Each structure stands twice: as C-alpha cells, then as structure tokens.
Amino acid sequence: YRQQKEEQASKLLVNLTSNQKEKLNKFSDKVLRAQNMAELEEIVNDAIKSGVRLNYSLSQDFFLGNEYTFTDYVMKKISELKKNPKVSSSIICQLVSKGAVFGNTVDANTLTSEFKEHKTNLKKAYIDYVSNSHKFIEIAKSATNSELKDARIDNSVFYLEYSKDSKIDIIKIIDGARDLG
C-alpha cells in the first residue's frame, strides 16, 4: 500500500501539465541562449517567480543521457559563460533556496576558492529552504482537522496527502505558501 502511494505521489510530481512543460521549455531555451552571467541571473529569477519546476527533466529519456533538469541547464551555462563568481554564487544560492537538487554539475570547490563568500551564502540558502519547507509543512498540518501524511515541494509546486475524510482549508495553504514566497 505504501509503495502504491509513493508511486501516486511520484506521478503527480513527475507528470507536468502542458502549462508547466511550456514554461520549462521556454526558460530552458532562454538559459541556453544567455550571453552573460547578468542575463542568466535575470532568466533564473524570472523562471523561479513563474514557478518553473527546478528538478524535472523534460525529456525523461535517461537512456539517451538527456535527463537534464532546469537546474542542470543553468549549471552547465554557468560553466560556459565568462566567470563571475559572485553572480554564479547568487544564482546557485537562489536555486538552492527554492529546493533545487544538483547532480554532478556543481563544482563547489572551484566556486568556493574563487568567491570566498560562496560557502557561507550556500549554507544560508539551504537553511532558508529547510526553514521555509518546515513552515509550509506546519501550515499544511494546521489547515486540516486530521493527519498530513505526505508533503513534497519543487519550487512553487507542492503535493500534499491527507488522511481519508479530511477537511482541508485550501485557502490557508495557498495563502501560507504565497506568504513564504
């Protein structure tokens, strides 16, 4: 039963709506066309504000090796553009603060040696993400008369599973998520 629930949750988080696919395509293309770090930072900020799924691969074709997520495209582009450690750190920290998961594309040691504040900024971004996630889960718990069984978050997309026959205050959840940014 638990495995079946895990599969349902995974499908909800993996299957994008047509609007989400369109956004992911649009912003991934913009990342690939970015000419400098300032432009890339603006694209990433706009993508986050628009709710782009950070940890989702459009192709989902792991056999062809095309499983790049939006975050992976950004990291690849950072490595291709003229170095600006401060802006690179800002972009990475912005992604981390929204729950981005990095594959093998992050060379944190190089960036840390080039920009001494990066490690501190990265820790703060991660702490902010964890704190906001905990706050959101508390909001989700307080919005029902029963038990919150599962909660998952990818940028502005969330999956919540409550026990059967729950009464849920959707407005409280949405307002709480909006207040957290």
# chains A, B, ... in the order shown; residues from 1 in each chain; ligands from 1
$ select_by_dssp --residues "region 8-169 of chain A" --states "strand (DSSP E)" --output "list in words"
Leu148, Lys149, Asp150, Ala151, Arg152, Ile153, Asp154, Val157, Phe158, Tyr159, Leu160, Glu161 and Tyr162 of chain A
$ select_by_dssp --residues "chain A" --states "helix (DSSP H, G or I)" --output "PyMOL selection string"
chain A and resi 2-14+18-33+37-50+70-80+85-97+108-114+118-142+170-180
$ residues_around --residues "Lys123 (chain A)" --least-positions-apart "5" --cutoff "10 Å" --atoms "only C-alpha atoms" --output "list in words"
Cys93, Val96, Ser97, His118, Asp128 and Tyr129 of chain A
$ write_last_selection --atoms "N, CA and C atoms" --output "tab-separated table (two decimals), in the first residue's frame"
chain	number	residue	atom	x	y	z
A	93	CYS	N	22.70	29.98	-5.17
A	93	CYS	CA	22.01	30.12	-3.87
A	93	CYS	C	20.52	30.36	-4.05
A	96	VAL	N	19.09	26.96	-4.77
A	96	VAL	CA	19.08	26.15	-3.54
A	96	VAL	C	17.96	26.59	-2.61
A	97	SER	N	17.75	27.89	-2.51
A	97	SER	CA	16.72	28.39	-1.60
A	97	SER	C	15.32	27.97	-2.02
A	118	HIS	N	30.97	32.22	-1.02
A	118	HIS	CA	30.03	31.26	-1.59
A	118	HIS	C	29.57	30.21	-0.58
A	128	ASP	N	17.57	28.55	4.64
A	128	ASP	CA	16.32	29.23	4.29
A	128	ASP	C	15.32	28.26	3.67
A	129	TYR	N	15.83	27.40	2.76
A	129	TYR	CA	14.95	26.42	2.11
A	129	TYR	C	14.35	25.46	3.14
$ closest_residue --among "A:Thr144, A:Thr69, A:Ser133, A:Gln20" --to "Lys98 (chain A)" --atoms "only C-alpha atoms"
A:Ser133
$ residues_around --residues "Leu160 (chain A)" --least-positions-apart "6" --cutoff "10 Å" --atoms "only C-alpha atoms" --output "ChimeraX atom specification"
/A:9,137,140-141,148-153
$ write_last_selection --atoms "C-alpha atoms" --output "CSV table (one decimal), in the first residue's frame"
chain,number,residue,atom,x,y,z
A,9,ALA,CA,2.9,10.9,-5.4
A,137,ILE,CA,4.5,21.8,6.4
A,140,ALA,CA,-0.4,22.3,5.7
A,141,LYS,CA,-0.8,20.5,9.0
A,148,LEU,CA,-0.9,15.2,6.9
A,149,LYS,CA,0.5,12.0,5.6
A,150,ASP,CA,2.9,13.3,2.9
A,151,ALA,CA,4.3,16.6,1.6
A,152,ARG,CA,6.7,17.3,-1.3
A,153,ILE,CA,7.8,20.6,-2.8
$ residues_around --residues "Ala143 (chain A)" --least-positions-apart "3" --cutoff "9 Å" --atoms "only C-alpha atoms" --output "number ranges by chain"
A: 138-140, 146, 167-173
$ write_last_selection --atoms "C-alpha atoms" --output "short mmCIF file (atom, residue, chain, number, x, y, z; two decimals), in the first residue's frame"
data_model
loop_
_atom_site.label_atom_id
_atom_site.label_comp_id
_atom_site.auth_asym_id
_atom_site.auth_seq_id
_atom_site.Cartn_x
_atom_site.Cartn_y
_atom_site.Cartn_z
CA GLU A 138 3.28 23.34 9.59
CA ILE A 139 0.82 25.46 7.59
CA ALA A 140 -0.35 22.35 5.72
CA SER A 146 -6.78 15.29 10.53
CA LYS A 167 -11.45 18.58 5.81
CA ILE A 168 -8.82 20.89 4.34
CA ASP A 169 -8.66 24.68 4.32
CA ILE A 170 -7.19 25.18 0.84
CA ILE A 171 -7.15 28.97 1.17
CA LYS A 172 -4.99 28.71 4.29
CA ILE A 173 -2.49 26.53 2.41
#
$ closest_residue --among "A:Ala125, A:Leu16, A:Glu41, A:Lys23" --to "Lys86 (chain A)" --atoms "only C-alpha atoms"
A:Glu41
$ atom_distance --atom1 "CA of Lys77 (chain A)" --atom2 "CA of Leu95 (chain A)"
14.0 Å
$ residues_around --residues "Leu24 (chain A)" --least-positions-apart "5" --cutoff "10 Å" --atoms "only C-alpha atoms" --output "VMD selection string"
chain A and resid 16 18 to 19 29 to 30 47 50 to 54 56 to 58 69 to 70
$ residues_around --residues "Gly181 (chain A)" --least-positions-apart "5" --cutoff "9 Å" --atoms "only C-alpha atoms" --output "PyMOL selection string"
chain A and resi 49+132+156+176
$ closest_residue --among "A:Gln94, A:Asn84, A:Ser79, A:Ser142" --to "Asn45 (chain A)" --atoms "only C-alpha atoms"
A:Gln94
$ closest_residue --among "A:Val74, A:Ile43, A:Ala177, A:Lys83" --to "His134 (chain A)" --atoms "only C-alpha atoms"
A:Ala177
